[in-house]
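Q: Structure incoming, see below.
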Amino acid sequence: MDTAFLRLESEALERIALLELIACACVTDRYIATGIQDAEVSCETASRQRTSLTDRLPDGIRRVLGDARSSALARDLLGAGALRVFVDADALQRRCELIERQWRDQDLLRAFVERQASIPMIRRFFRTATRATITQLRAELNVLAPTKPRALSRSGMDQLFDAWARLKDIGDLRERYLALHEQCDGRWSLATLFAALDADAGDRHPSSSHQESDHVRHAT
């Protein structure tokens with residue numbers, strides 16, 4: 001068997017798999033017409049496809065598992081090592097990693113909304129977030145939409161950029177903004193922080209067509 005498949009040595013899982021096979025073998029074979037589920041169509045008018053889990057098993061196995069006496073044979077079949085459970089570890093890992101990234105994105109989005117990020121900022125870092133989603137999160141978190149970003153003094157800007165520079169080792173800009181907000185003790189909303197940093201990047205690089213990449217370069 002492919003080495004990517006990992007055996008789960010669990011008698012409980014093997015028993016569940018066996019009982020599922022027995023249950024499927026005991027029921028009347030079900031058919032579906034091609035493209036039409038759960039429809040009874042004559043053999044002459046449509047091609048048919050079996051849907052039972054046991055269809056690809058040899059006839060001898062299907063006869064035994066389909067017999068009413070088969071449930072009493074579970075211990076014997078399991079003891080013979082006839083049932084083994086394997087998982088595609090690579091596929092499962094890829095899917096779990098994707099789910100973890102989605103969870104992390106959701107957590108970060110909630111944190112941005114809670115700290116009053118503006119819609120332009122949210123759309124910069126969460127491209128699939130819709131206005132409806134943002135509105136719903138604000139209602140759930142009981143957070144008002146941010147007001148117009150505050151204009152910071154020159155000394156305030158200097159403090160802001162000093163704090164931003166100290167966070168340069170944080171690779172994810174979303175996490176870096178959250179850390180900056182925390183370092184500033186929440187004095188300014190994320191909308192204000194983003195407007196200040198983004199405006200400075202815009203002053204350095206006036207071309208609007210490169211606004212996002214300029215902001216990223218400035219923020220590193």
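Chain labels follow the order of the structure tokens: the first chain is A, the next B, and so on; residue numbering restarts at 1 in every chain, and ligands are counted from 1 in their shown order.
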From the DSSP assignment of the backbone, select every residue of region 78-148 of chain A that is alpha helix (DSSP H), and format the answer as number ranges by chain.
A: A: 78-79, 89-114, 119-125, 131-141
Q: Show which residues sit within 8 Å of region 143-153 of chain A, as a ChimeraX atom specification. Count only C-alpha atoms, and ignore same-chain residues fewer than 6 positions away.
A: /A:113-114,116-118,188-189,191-192,195-196
Q: For CA of Ile61 (chain A) and CA of Glu11 (chain A), quote the distance in Å rounded to one decimal.
A: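 About the pair CA of Ile61 (chain A) and CA of Glu11 (chain A): they are 20.2 Å apart.
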Q: Need to verify the contact set: region 99-111 of chain A, 8 Å, only C-alpha atoms, exclusion of same-chain residues closer than 2 positions in sequence. Can you return it as a list in words?
A: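 Final neighbour list, sorted by chain and number: Arg95, Cys96, Glu97, Val113, Glu114, Arg115, Ile122, Phe126, Leu137, Arg174, Glu175 and Leu178 of chain A.
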Q: Pick out the closest residue to Arg7 (chain A) from this set: A:Met157, A:Cys26, A:Ala89, A:Leu73. Count only C-alpha atoms.
A: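 Using only C-alpha atoms, the shortest distance to Arg7 (chain A) belongs to A:Ala89.
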Q: For CA of Asp59 (chain A) and CA of Ala25 (chain A), quote the distance in Å rounded to one decimal.
A: 10.8 Å
Q: I'd like the interatomic distance between CA of Val85 (chain A) and CA of Ala23 (chain A), to a tenth of an Å.
A: 17.5 Å
Q: Given the choices A:Lys168, A:Leu193, A:Arg15, A:Asp185, which gets closest to Leu78 (chain A) if the distance is worked out from only C-alpha atoms?
A: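 So, comparing all the options, the nearest one is A:Arg15.
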Q: Tell me, as a PyMOL selection string, which residues lie within 12 Å of Leu92 (chain A), counting only C-alpha atoms; anything in the same chain fewer than 6 positions away does not count.
A: chain A and resi 4-6+86+98-99
